[in-house]
>>> print(open('upload29.txt').read())   # compact mmCIF, C-alpha atoms (C1' of nucleotides)
# COMPACT_ATOMS: atom_id res chain seq x y z
CA MET L 1 -20.88 75.38 93.99
CA PRO L 2 -20.81 78.85 95.28
CA ALA L 3 -17.86 80.19 93.45
CA LYS L 4 -18.13 83.88 92.98
CA LYS L 5 -15.80 85.05 90.37
CA LYS L 6 -14.35 88.32 91.46
CA SER L 7 -12.92 90.15 88.57
CA HIS L 8 -10.23 92.64 89.24
CA PRO L 9 -10.62 96.16 88.01
CA SER L 10 -6.97 96.06 87.16
CA GLU L 11 -7.86 94.06 84.11
CA LYS L 12 -9.33 97.18 82.69
CA ILE L 13 -6.38 99.21 83.74
CA LYS L 14 -4.06 96.79 82.11
CA ALA L 15 -6.02 97.06 78.92
CA LEU L 16 -6.49 100.76 79.22
CA SER L 17 -6.87 102.58 76.00
CA PRO L 18 -4.82 105.70 75.42
CA SER L 19 -7.83 106.98 73.59
CA GLY L 20 -9.19 108.00 76.92
CA LYS L 21 -11.54 106.32 79.33
CA LYS L 22 -13.06 108.19 82.17
CA ASP L 23 -13.06 105.21 84.51
CA ASN L 24 -9.37 104.91 83.96
CA ASN L 25 -9.00 108.51 84.93
CA PHE L 26 -10.61 107.95 88.27
CA PHE L 27 -8.42 104.97 88.98
CA SER L 28 -5.34 106.89 87.96
CA GLN L 29 -6.23 109.68 90.32
CA VAL L 30 -6.54 107.27 93.20
CA TYR L 31 -3.18 105.73 92.41
CA GLU L 32 -1.59 109.11 92.06
CA VAL L 33 -2.74 110.18 95.48
CA ALA L 34 -1.79 106.86 97.01
CA ARG L 35 1.73 107.20 95.71
CA GLN L 36 2.02 110.54 97.43
CA ILE L 37 1.65 108.92 100.82
CA PRO L 38 4.98 109.44 102.58
CA LYS L 39 6.75 106.43 103.96
CA GLY L 40 5.72 105.73 107.51
CA ARG L 41 2.35 107.35 107.06
CA VAL L 42 -1.10 106.10 106.30
CA THR L 43 -4.36 107.53 105.07
CA SER L 44 -7.95 106.48 104.69
CA TYR L 45 -10.11 105.72 101.71
CA GLY L 46 -12.45 108.53 102.57
CA ALA L 47 -9.58 111.01 102.67
CA ILE L 48 -8.50 110.04 99.18
CA ALA L 49 -12.04 110.15 97.92
CA GLU L 50 -12.50 113.58 99.39
CA CYS L 51 -9.26 114.75 97.85
CA LEU L 52 -10.54 113.66 94.47
CA GLY L 53 -13.75 115.51 95.04
CA THR L 54 -15.76 112.32 95.19
CA LYS L 55 -16.38 112.39 98.88
CA GLY L 56 -18.76 109.64 99.82
CA SER L 57 -17.47 107.32 97.17
CA ALA L 58 -14.80 105.84 99.39
CA ARG L 59 -15.88 102.46 98.08
CA MET L 60 -14.60 103.35 94.68
CA VAL L 61 -11.22 104.10 96.20
CA GLY L 62 -11.14 100.66 97.70
CA TRP L 63 -12.23 99.18 94.43
CA ALA L 64 -9.48 101.04 92.64
CA MET L 65 -7.00 99.75 95.20
CA ASN L 66 -8.04 96.28 94.22
CA GLY L 67 -6.12 96.77 91.04
CA ALA L 68 -3.30 98.77 92.53
CA HIS L 69 -1.26 95.62 93.03
CA GLN L 70 -0.24 95.36 89.44
CA VAL L 71 -0.29 99.00 88.49
CA LYS L 72 2.94 100.66 87.60
CA PRO L 73 4.61 102.35 89.20
CA ARG L 74 3.77 100.35 92.24
CA VAL L 75 1.15 101.77 94.54
CA PRO L 76 1.60 101.52 98.32
CA ALA L 77 -1.86 100.17 98.88
CA HIS L 78 -0.78 98.92 102.28
CA ARG L 79 -0.62 102.53 103.46
CA VAL L 80 -4.31 102.92 102.87
CA VAL L 81 -6.65 101.79 105.59
CA ASN L 82 -10.16 102.60 106.63
CA ARG L 83 -11.14 105.55 108.77
CA ILE L 84 -10.36 103.86 112.06
CA GLY L 85 -6.94 102.64 110.96
CA MET L 86 -8.01 99.06 110.57
CA LEU L 87 -6.33 96.93 107.95
CA SER L 88 -9.56 96.20 106.22
CA GLY L 89 -7.81 95.38 102.97
CA LYS L 90 -5.32 92.88 104.29
CA HIS L 91 -7.28 90.02 102.81
CA HIS L 92 -6.65 91.37 99.37
CA PHE L 93 -2.91 91.07 99.60
CA GLY L 94 -1.05 87.92 98.77
CA HIS L 95 -1.20 86.92 102.38
CA PRO L 96 -3.39 88.53 105.05
CA GLN L 97 -0.29 89.32 107.10
CA ARG L 98 1.52 90.88 104.19
CA MET L 99 -0.05 94.28 104.73
CA GLN L 100 0.81 94.40 108.40
CA GLN L 101 4.35 93.34 107.72
CA LEU L 102 4.82 96.03 105.12
CA LEU L 103 3.54 98.66 107.52
CA GLU L 104 5.71 97.54 110.39
CA LYS L 105 8.64 97.55 108.05
CA GLU L 106 8.04 101.24 107.50
CA GLY L 107 7.77 102.02 111.17
CA ILE L 108 4.01 101.68 111.52
CA LYS L 109 2.99 99.64 114.48
CA VAL L 110 0.03 97.40 113.96
CA LYS L 111 -1.85 95.65 116.68
CA ASN L 112 -4.88 93.49 116.27
CA ASP L 113 -5.21 94.56 112.63
CA GLN L 114 -5.24 98.18 113.68
CA VAL L 115 -2.68 100.92 113.21
CA VAL L 116 -1.24 102.16 116.50
CA ASP L 117 -1.30 105.94 116.86
CA PHE L 118 -3.32 106.15 113.70
CA ALA L 119 -4.09 109.80 114.35
CA LYS L 120 -0.36 110.58 114.40
CA LYS L 121 0.45 108.47 111.38
CA PHE L 122 -2.48 109.77 109.44
CA TRP L 123 -1.54 111.73 106.37
CA LYS L 124 -4.04 113.85 104.59
CA PRO L 125 -3.67 114.16 100.81
CA GLU L 126 -3.66 117.62 99.40
C1' DA S 1 -32.16 96.31 82.31
C1' DG S 2 -32.51 94.88 87.03
C1' DT S 3 -30.10 93.04 91.05
C1' DC S 4 -26.17 92.13 94.12
C1' DT S 5 -21.76 92.98 95.83
C1' DG S 6 -17.93 95.66 97.63
C1' DA S 7 -10.43 97.14 100.57
C1' DC S 8 -16.12 102.86 102.94
C1' DT S 9 -18.43 106.39 105.78
C1' DA S 10 -21.93 108.83 108.40
C1' DG S 11 -26.03 108.82 110.56
C1' DT S 12 -29.78 106.93 113.46
C1' DA S 13 -31.94 103.76 116.95
C1' DC O 1 -21.49 99.92 123.06
C1' DT O 2 -23.72 97.24 118.79
C1' DA O 3 -26.99 96.91 114.73
C1' DC O 4 -28.96 98.63 110.99
C1' DT O 5 -29.76 101.97 107.01
C1' DA O 6 -28.68 105.03 103.38
C1' DG O 7 -25.53 107.01 100.03
C1' DC O 8 -22.02 106.22 96.99
C1' DC O 9 -20.68 104.19 91.92
C1' DA O 10 -18.55 100.77 89.06
C1' DG O 11 -18.60 95.95 87.64
C1' DA O 12 -20.35 91.13 87.30
C1' DC O 13 -24.33 88.15 86.40
>>> encode(input="upload29.txt", output="structure tokens")
Amino acid sequence: MPAKKKSHPSEKIKALSPSGKKDNNFFSQVYEVARQIPKGRVTSYGAIAECLGTKGSARMVGWAMNGAHQVKPRVPAHRVVNRIGMLSGKHHFGHPQRMQQLLEKEGIKVKNDQVVDFAKKFWKPE
DNA sequence: AGTCTGACTAGTA
DNA sequence: CTACTAGCCAGAC
């Protein structure tokens, strides 16, 4: 029975220790940047990673996003897509169409799992 | 302790 | 254009 148990990184976040954990710091940074994404804009994992100084570790950003669903304050993970504007993370939402719906609700047009005018909607973190 | 996977990206063939 | 590889780093087994 091929049942791969995918643990969510958020478990760690939820049980974060105020004492200080470096992994938690990285996650927090990702969330912080993600929250700065203006409504109606999107960004890419690589952009966030670069902003954090960990360019090349875009995977870690995606991994951090995996736990963003239950992090408080809420993180607009739906505004984060891959470099070509594709909703690569839609499968990680409650429903695969949830992400697209959230984006369209904010004025982002999505077609075929891709953000329309991605270059115009793209927002680069500071 | 070694191996595999992953919401990524850039480069090469 | 597509296919594959390497780098990245944390977590699960």
>>> residues_around(input="upload29.txt", residues="S:DC8", least_positions_apart="4", cutoff="8 Å", atoms="all atoms listed in the file", output="PyMOL selection string")
chain L and resi 45-46+56-59+62+82
>>> closest_residue(input="upload29.txt", among="L:His95, L:Lys90, L:Lys120, L:Lys111", to="chain S", atoms="only C-alpha atoms (C1' of nucleotides)")
L:Lys90
>>> residues_around(input="upload29.txt", residues="L:Thr54", least_positions_apart="6", cutoff="12 Å", atoms="all atoms listed in the file", output="NGL selection string")
(:L and (26 or 29-30 or 45-48 or 60-61)) or (:O and (8-9))
>>> interface_residues(input="upload29.txt", of="chain O", to="chain L", cutoff="12 Å", atoms="all atoms listed in the file", output="MDAnalysis selection string")
chainID O and resid 6:13
>>> closest_atom_pairs(input="upload29.txt", of="stretch 33-74 of chain L", to="stretch 113-119 of chain L", cutoff="10 Å", atoms="all atoms listed in the file", output="JSON lines")
{"residue": "L:Arg41", "atom": "CA", "partner": "L:Phe118", "partner_atom": "CA", "distance": 8.8}
{"residue": "L:Val42", "atom": "CA", "partner": "L:Phe118", "partner_atom": "CA", "distance": 7.7}
{"residue": "L:Thr43", "atom": "CA", "partner": "L:Phe118", "partner_atom": "CA", "distance": 8.8}
>>> atom_distance(input="upload29.txt", atom1="atom CA of L:Lys105", atom2="atom CA of L:Val33")
21.1 Å
>>> interface_residues(input="upload29.txt", of="chain S", to="chain L", cutoff="9 Å", atoms="all atoms listed in the file", output="PyMOL selection string")
chain S and resi 6-9
>>> atom_distance(input="upload29.txt", atom1="atom CA of L:Gly107", atom2="atom CA of L:Gly40")
5.6 Å
>>> atom_distance(input="upload29.txt", atom1="atom CA of L:Leu52", atom2="atom CA of L:Met99")
24.3 Å
>>> residues_around(input="upload29.txt", residues="O:DT5", least_positions_apart="2", cutoff="10 Å", atoms="only C-alpha atoms (C1' of nucleotides)", output="PDB file with C-alpha atoms (C1' of nucleotides), in the frame of the given file")
ATOM      1  C1'  DG S  11     -26.030 108.820 110.560  1.00  0.00           C
ATOM      2  C1'  DT S  12     -29.780 106.930 113.460  1.00  0.00           C
TER       3       DT S  12
ATOM      4  C1'  DA O   3     -26.990  96.910 114.730  1.00  0.00           C
ATOM      5  C1'  DG O   7     -25.530 107.010 100.030  1.00  0.00           C
TER       6       DG O   7
END
>>> decode(input="upload29.txt", residues="chain O", atoms="all heavy atoms", output="mmCIF file, in the first residue's frame")
data_model
loop_
_atom_site.group_PDB
_atom_site.id
_atom_site.type_symbol
_atom_site.label_atom_id
_atom_site.label_comp_id
_atom_site.auth_asym_id
_atom_site.auth_seq_id
_atom_site.Cartn_x
_atom_site.Cartn_y
_atom_site.Cartn_z
ATOM 1 P P DC O 1 9.081 27.840 -26.350
ATOM 2 O OP1 DC O 1 8.983 28.671 -27.526
ATOM 3 O OP2 DC O 1 8.233 28.016 -25.182
ATOM 4 O "O5'" DC O 1 8.992 26.298 -26.798
ATOM 5 C "C5'" DC O 1 7.903 25.835 -27.595
ATOM 6 C "C4'" DC O 1 8.161 24.384 -27.960
ATOM 7 O "O4'" DC O 1 9.336 24.300 -28.803
ATOM 8 C "C3'" DC O 1 8.443 23.485 -26.762
ATOM 9 O "O3'" DC O 1 7.232 22.916 -26.319
ATOM 10 C "C2'" DC O 1 9.345 22.423 -27.352
ATOM 11 C "C1'" DC O 1 10.111 23.157 -28.441
ATOM 12 N N1 DC O 1 11.457 23.621 -28.024
ATOM 13 C C2 DC O 1 12.520 22.708 -28.014
ATOM 14 O O2 DC O 1 12.277 21.539 -28.314
ATOM 15 N N3 DC O 1 13.748 23.118 -27.651
ATOM 16 C C4 DC O 1 13.960 24.400 -27.311
ATOM 17 N N4 DC O 1 15.194 24.754 -26.978
ATOM 18 C C5 DC O 1 12.906 25.354 -27.318
ATOM 19 C C6 DC O 1 11.689 24.922 -27.666
ATOM 20 P P DT O 2 7.136 22.309 -24.833
ATOM 21 O OP1 DT O 2 5.734 21.872 -24.653
ATOM 22 O OP2 DT O 2 7.761 23.269 -23.906
ATOM 23 O "O5'" DT O 2 8.053 21.019 -24.892
ATOM 24 C "C5'" DT O 2 7.750 19.966 -25.812
ATOM 25 C "C4'" DT O 2 8.785 18.852 -25.663
ATOM 26 O "O4'" DT O 2 10.113 19.383 -25.928
ATOM 27 C "C3'" DT O 2 8.829 18.252 -24.255
ATOM 28 O "O3'" DT O 2 8.983 16.836 -24.347
ATOM 29 C "C2'" DT O 2 10.043 18.890 -23.635
ATOM 30 C "C1'" DT O 2 10.959 19.088 -24.827
ATOM 31 N N1 DT O 2 11.899 20.208 -24.665
ATOM 32 C C2 DT O 2 13.248 19.956 -24.700
ATOM 33 O O2 DT O 2 13.710 18.839 -24.869
ATOM 34 N N3 DT O 2 14.049 21.053 -24.527
ATOM 35 C C4 DT O 2 13.643 22.349 -24.335
ATOM 36 O O4 DT O 2 14.474 23.244 -24.199
ATOM 37 C C5 DT O 2 12.203 22.550 -24.308
ATOM 38 C C7 DT O 2 11.647 23.913 -24.093
ATOM 39 C C6 DT O 2 11.411 21.485 -24.467
ATOM 40 P P DA O 3 8.972 16.007 -22.950
ATOM 41 O OP1 DA O 3 8.473 14.646 -23.236
ATOM 42 O OP2 DA O 3 8.369 16.824 -21.881
ATOM 43 O "O5'" DA O 3 10.543 15.894 -22.660
ATOM 44 C "C5'" DA O 3 11.386 15.316 -23.652
ATOM 45 C "C4'" DA O 3 12.704 14.866 -23.025
ATOM 46 O "O4'" DA O 3 13.614 15.987 -23.000
ATOM 47 C "C3'" DA O 3 12.585 14.366 -21.589
ATOM 48 O "O3'" DA O 3 13.398 13.218 -21.419
ATOM 49 C "C2'" DA O 3 13.055 15.546 -20.749
ATOM 50 C "C1'" DA O 3 14.026 16.261 -21.673
ATOM 51 N N9 DA O 3 14.023 17.720 -21.520
ATOM 52 C C8 DA O 3 12.933 18.544 -21.423
ATOM 53 N N7 DA O 3 13.232 19.812 -21.311
ATOM 54 C C5 DA O 3 14.616 19.830 -21.344
ATOM 55 C C6 DA O 3 15.557 20.875 -21.274
ATOM 56 N N6 DA O 3 15.243 22.153 -21.172
ATOM 57 N N1 DA O 3 16.865 20.542 -21.328
ATOM 58 C C2 DA O 3 17.191 19.263 -21.447
ATOM 59 N N3 DA O 3 16.408 18.193 -21.525
ATOM 60 C C4 DA O 3 15.109 18.552 -21.472
ATOM 61 P P DC O 4 13.436 12.487 -19.958
ATOM 62 O OP1 DC O 4 13.579 11.038 -20.207
ATOM 63 O OP2 DC O 4 12.339 13.000 -19.112
ATOM 64 O "O5'" DC O 4 14.819 13.028 -19.366
ATOM 65 C "C5'" DC O 4 15.984 13.002 -20.186
ATOM 66 C "C4'" DC O 4 17.102 13.819 -19.552
ATOM 67 O "O4'" DC O 4 16.825 15.218 -19.678
ATOM 68 C "C3'" DC O 4 17.311 13.526 -18.064
ATOM 69 O "O3'" DC O 4 18.618 13.045 -17.842
ATOM 70 C "C2'" DC O 4 17.089 14.872 -17.395
ATOM 71 C "C1'" DC O 4 17.309 15.874 -18.529
ATOM 72 N N1 DC O 4 16.563 17.138 -18.356
ATOM 73 C C2 DC O 4 17.257 18.340 -18.238
ATOM 74 O O2 DC O 4 18.484 18.340 -18.276
ATOM 75 N N3 DC O 4 16.563 19.493 -18.081
ATOM 76 C C4 DC O 4 15.232 19.467 -18.041
ATOM 77 N N4 DC O 4 14.595 20.619 -17.902
ATOM 78 C C5 DC O 4 14.507 18.250 -18.152
ATOM 79 C C6 DC O 4 15.197 17.119 -18.310
ATOM 80 P P DT O 5 19.093 12.608 -16.366
ATOM 81 O OP1 DT O 5 20.067 11.490 -16.464
ATOM 82 O OP2 DT O 5 17.900 12.487 -15.511
ATOM 83 O "O5'" DT O 5 19.889 13.927 -15.919
ATOM 84 C "C5'" DT O 5 20.832 14.525 -16.819
ATOM 85 C "C4'" DT O 5 21.611 15.625 -16.110
ATOM 86 O "O4'" DT O 5 20.883 16.860 -16.173
ATOM 87 C "C3'" DT O 5 21.892 15.333 -14.634
ATOM 88 O "O3'" DT O 5 23.254 15.632 -14.339
ATOM 89 C "C2'" DT O 5 20.961 16.283 -13.884
ATOM 90 C "C1'" DT O 5 20.751 17.420 -14.874
ATOM 91 N N1 DT O 5 19.415 18.043 -14.783
ATOM 92 C C2 DT O 5 19.343 19.417 -14.681
ATOM 93 O O2 DT O 5 20.321 20.135 -14.653
ATOM 94 N N3 DT O 5 18.065 19.921 -14.618
ATOM 95 C C4 DT O 5 16.883 19.209 -14.641
ATOM 96 O O4 DT O 5 15.812 19.790 -14.577
ATOM 97 C C5 DT O 5 17.045 17.780 -14.744
ATOM 98 C C7 DT O 5 15.821 16.905 -14.762
ATOM 99 C C6 DT O 5 18.289 17.260 -14.813
ATOM 100 P P DA O 6 23.834 15.244 -12.895
ATOM 101 O OP1 DA O 6 25.221 14.774 -13.065
ATOM 102 O OP2 DA O 6 22.874 14.430 -12.124
ATOM 103 O "O5'" DA O 6 23.887 16.710 -12.257
ATOM 104 C "C5'" DA O 6 24.513 17.777 -12.974
ATOM 105 C "C4'" DA O 6 24.388 19.091 -12.215
ATOM 106 O "O4'" DA O 6 23.055 19.620 -12.360
ATOM 107 C "C3'" DA O 6 24.641 18.969 -10.706
ATOM 108 O "O3'" DA O 6 25.445 20.056 -10.258
ATOM 109 C "C2'" DA O 6 23.248 19.041 -10.101
ATOM 110 C "C1'" DA O 6 22.522 19.934 -11.096
ATOM 111 N N9 DA O 6 21.083 19.709 -11.137
ATOM 112 C C8 DA O 6 20.426 18.517 -11.186
ATOM 113 N N7 DA O 6 19.115 18.633 -11.237
ATOM 114 C C5 DA O 6 18.903 20.002 -11.224
ATOM 115 C C6 DA O 6 17.739 20.784 -11.269
ATOM 116 N N6 DA O 6 16.519 20.274 -11.340
ATOM 117 N N1 DA O 6 17.879 22.120 -11.225
ATOM 118 C C2 DA O 6 19.099 22.633 -11.155
ATOM 119 N N3 DA O 6 20.271 22.007 -11.116
ATOM 120 C C4 DA O 6 20.104 20.676 -11.161
ATOM 121 P P DG O 7 26.042 20.011 -8.792
ATOM 122 O OP1 DG O 7 27.438 20.490 -8.853
ATOM 123 O OP2 DG O 7 25.726 18.709 -8.184
ATOM 124 O "O5'" DG O 7 25.170 21.144 -8.055
ATOM 125 C "C5'" DG O 7 25.178 22.475 -8.564
ATOM 126 C "C4'" DG O 7 24.159 23.323 -7.824
ATOM 127 O "O4'" DG O 7 22.837 22.938 -8.230
ATOM 128 C "C3'" DG O 7 24.207 23.148 -6.297
ATOM 129 O "O3'" DG O 7 24.307 24.428 -5.682
ATOM 130 C "C2'" DG O 7 22.905 22.479 -5.949
ATOM 131 C "C1'" DG O 7 21.998 22.897 -7.091
ATOM 132 N N9 DG O 7 20.907 21.968 -7.357
ATOM 133 C C8 DG O 7 20.970 20.611 -7.478
ATOM 134 N N7 DG O 7 19.802 20.053 -7.696
ATOM 135 C C5 DG O 7 18.917 21.120 -7.724
ATOM 136 C C6 DG O 7 17.522 21.151 -7.918
ATOM 137 O O6 DG O 7 16.750 20.205 -8.110
ATOM 138 N N1 DG O 7 17.022 22.448 -7.863
ATOM 139 C C2 DG O 7 17.763 23.564 -7.652
ATOM 140 N N2 DG O 7 17.116 24.714 -7.623
ATOM 141 N N3 DG O 7 19.079 23.553 -7.468
ATOM 142 C C4 DG O 7 19.587 22.309 -7.516
ATOM 143 P P DC O 8 24.714 24.464 -4.094
ATOM 144 O OP1 DC O 8 25.513 25.665 -3.867
ATOM 145 O OP2 DC O 8 25.229 23.127 -3.693
ATOM 146 O "O5'" DC O 8 23.298 24.644 -3.394
ATOM 147 C "C5'" DC O 8 22.497 25.779 -3.675
ATOM 148 C "C4'" DC O 8 21.077 25.551 -3.202
ATOM 149 O "O4'" DC O 8 20.439 24.577 -4.029
ATOM 150 C "C3'" DC O 8 20.995 24.959 -1.799
ATOM 151 O "O3'" DC O 8 20.995 25.999 -0.830
ATOM 152 C "C2'" DC O 8 19.638 24.258 -1.814
ATOM 153 C "C1'" DC O 8 19.418 23.945 -3.291
ATOM 154 N N1 DC O 8 19.474 22.495 -3.606
ATOM 155 C C2 DC O 8 18.344 21.867 -4.122
ATOM 156 O O2 DC O 8 17.327 22.538 -4.292
ATOM 157 N N3 DC O 8 18.399 20.537 -4.404
ATOM 158 C C4 DC O 8 19.529 19.853 -4.198
ATOM 159 N N4 DC O 8 19.534 18.563 -4.504
ATOM 160 C C5 DC O 8 20.684 20.469 -3.662
ATOM 161 C C6 DC O 8 20.623 21.784 -3.380
ATOM 162 P P DC O 9 21.803 25.757 0.526
ATOM 163 O OP1 DC O 9 22.034 27.063 1.150
ATOM 164 O OP2 DC O 9 22.926 24.836 0.274
ATOM 165 O "O5'" DC O 9 20.705 24.983 1.387
ATOM 166 C "C5'" DC O 9 19.494 25.648 1.714
ATOM 167 C "C4'" DC O 9 18.502 24.656 2.302
ATOM 168 O "O4'" DC O 9 18.119 23.686 1.326
ATOM 169 C "C3'" DC O 9 19.081 23.854 3.483
ATOM 170 O "O3'" DC O 9 18.101 23.765 4.474
ATOM 171 C "C2'" DC O 9 19.292 22.486 2.892
ATOM 172 C "C1'" DC O 9 18.114 22.414 1.958
ATOM 173 N N1 DC O 9 18.163 21.369 0.928
ATOM 174 C C2 DC O 9 16.941 20.820 0.518
ATOM 175 O O2 DC O 9 15.894 21.221 1.030
ATOM 176 N N3 DC O 9 16.946 19.854 -0.428
ATOM 177 C C4 DC O 9 18.096 19.451 -0.956
ATOM 178 N N4 DC O 9 18.042 18.510 -1.882
ATOM 179 C C5 DC O 9 19.342 20.006 -0.552
ATOM 180 C C6 DC O 9 19.328 20.954 0.382
ATOM 181 P P DA O 10 18.481 23.835 6.007
ATOM 182 O OP1 DA O 10 18.688 25.210 6.437
ATOM 183 O OP2 DA O 10 19.539 22.811 6.227
ATOM 184 O "O5'" DA O 10 17.130 23.306 6.678
ATOM 185 C "C5'" DA O 10 15.891 23.854 6.225
ATOM 186 C "C4'" DA O 10 14.848 22.761 6.101
ATOM 187 O "O4'" DA O 10 15.084 21.957 4.930
ATOM 188 C "C3'" DA O 10 14.852 21.803 7.298
ATOM 189 O "O3'" DA O 10 13.526 21.669 7.798
ATOM 190 C "C2'" DA O 10 15.359 20.487 6.719
ATOM 191 C "C1'" DA O 10 14.924 20.589 5.258
ATOM 192 N N9 DA O 10 15.755 19.794 4.355
ATOM 193 C C8 DA O 10 17.127 19.783 4.259
ATOM 194 N N7 DA O 10 17.589 18.962 3.341
ATOM 195 C C5 DA O 10 16.443 18.410 2.796
ATOM 196 C C6 DA O 10 16.246 17.468 1.784
ATOM 197 N N6 DA O 10 17.233 16.897 1.098
ATOM 198 N N1 DA O 10 14.979 17.128 1.476
ATOM 199 C C2 DA O 10 13.985 17.691 2.146
ATOM 200 N N3 DA O 10 14.047 18.580 3.127
ATOM 201 C C4 DA O 10 15.312 18.913 3.406
ATOM 202 P P DG O 11 13.308 20.970 9.170
ATOM 203 O OP1 DG O 11 12.337 21.774 9.911
ATOM 204 O OP2 DG O 11 14.602 20.601 9.770
ATOM 205 O "O5'" DG O 11 12.577 19.629 8.679
ATOM 206 C "C5'" DG O 11 11.422 19.743 7.855
ATOM 207 C "C4'" DG O 11 10.971 18.386 7.361
ATOM 208 O "O4'" DG O 11 11.864 17.896 6.346
ATOM 209 C "C3'" DG O 11 10.932 17.317 8.463
ATOM 210 O "O3'" DG O 11 9.722 16.584 8.361
ATOM 211 C "C2'" DG O 11 12.137 16.447 8.147
ATOM 212 C "C1'" DG O 11 12.240 16.565 6.645
ATOM 213 N N9 DG O 11 13.570 16.320 6.104
ATOM 214 C C8 DG O 11 14.773 16.829 6.532
ATOM 215 N N7 DG O 11 15.801 16.424 5.834
ATOM 216 C C5 DG O 11 15.228 15.591 4.868
ATOM 217 C C6 DG O 11 15.831 14.855 3.823
ATOM 218 O O6 DG O 11 17.011 14.789 3.518
ATOM 219 N N1 DG O 11 14.899 14.160 3.076
ATOM 220 C C2 DG O 11 13.559 14.154 3.309
ATOM 221 N N2 DG O 11 12.810 13.414 2.497
ATOM 222 N N3 DG O 11 12.970 14.845 4.291
ATOM 223 C C4 DG O 11 13.869 15.533 5.031
ATOM 224 P P DA O 12 9.309 15.562 9.496
ATOM 225 O OP1 DA O 12 7.968 15.929 9.961
ATOM 226 O OP2 DA O 12 10.447 15.441 10.468
ATOM 227 O "O5'" DA O 12 9.214 14.206 8.668
ATOM 228 C "C5'" DA O 12 8.426 14.174 7.475
ATOM 229 C "C4'" DA O 12 8.641 12.841 6.755
ATOM 230 O "O4'" DA O 12 9.933 12.832 6.130
ATOM 231 C "C3'" DA O 12 8.558 11.623 7.679
ATOM 232 O "O3'" DA O 12 7.854 10.585 7.019
ATOM 233 C "C2'" DA O 12 10.027 11.261 7.886
ATOM 234 C "C1'" DA O 12 10.650 11.684 6.569
ATOM 235 N N9 DA O 12 12.064 12.072 6.690
ATOM 236 C C8 DA O 12 12.638 12.952 7.575
ATOM 237 N N7 DA O 12 13.919 13.092 7.429
ATOM 238 C C5 DA O 12 14.230 12.266 6.379
ATOM 239 C C6 DA O 12 15.437 11.963 5.725
ATOM 240 N N6 DA O 12 16.600 12.500 6.059
ATOM 241 N N1 DA O 12 15.391 11.081 4.696
ATOM 242 C C2 DA O 12 14.219 10.550 4.349
ATOM 243 N N3 DA O 12 13.029 10.756 4.887
ATOM 244 C C4 DA O 12 13.097 11.634 5.907
ATOM 245 P P DC O 13 7.527 9.240 7.868
ATOM 246 O OP1 DC O 13 6.213 8.734 7.425
ATOM 247 O OP2 DC O 13 7.786 9.523 9.292
ATOM 248 O "O5'" DC O 13 8.638 8.250 7.347
ATOM 249 C "C5'" DC O 13 8.677 7.894 5.947
ATOM 250 C "C4'" DC O 13 9.807 6.886 5.712
ATOM 251 O "O4'" DC O 13 11.073 7.594 5.749
ATOM 252 C "C3'" DC O 13 9.879 5.796 6.774
ATOM 253 O "O3'" DC O 13 9.936 4.519 6.165
ATOM 254 C "C2'" DC O 13 11.170 6.074 7.528
ATOM 255 C "C1'" DC O 13 11.996 6.820 6.494
ATOM 256 N N1 DC O 13 12.963 7.757 7.101
ATOM 257 C C2 DC O 13 14.303 7.722 6.666
ATOM 258 O O2 DC O 13 14.628 6.920 5.802
ATOM 259 N N3 DC O 13 15.201 8.577 7.210
ATOM 260 C C4 DC O 13 14.803 9.453 8.145
ATOM 261 N N4 DC O 13 15.727 10.272 8.623
ATOM 262 C C5 DC O 13 13.464 9.507 8.596
ATOM 263 C C6 DC O 13 12.577 8.664 8.047
#
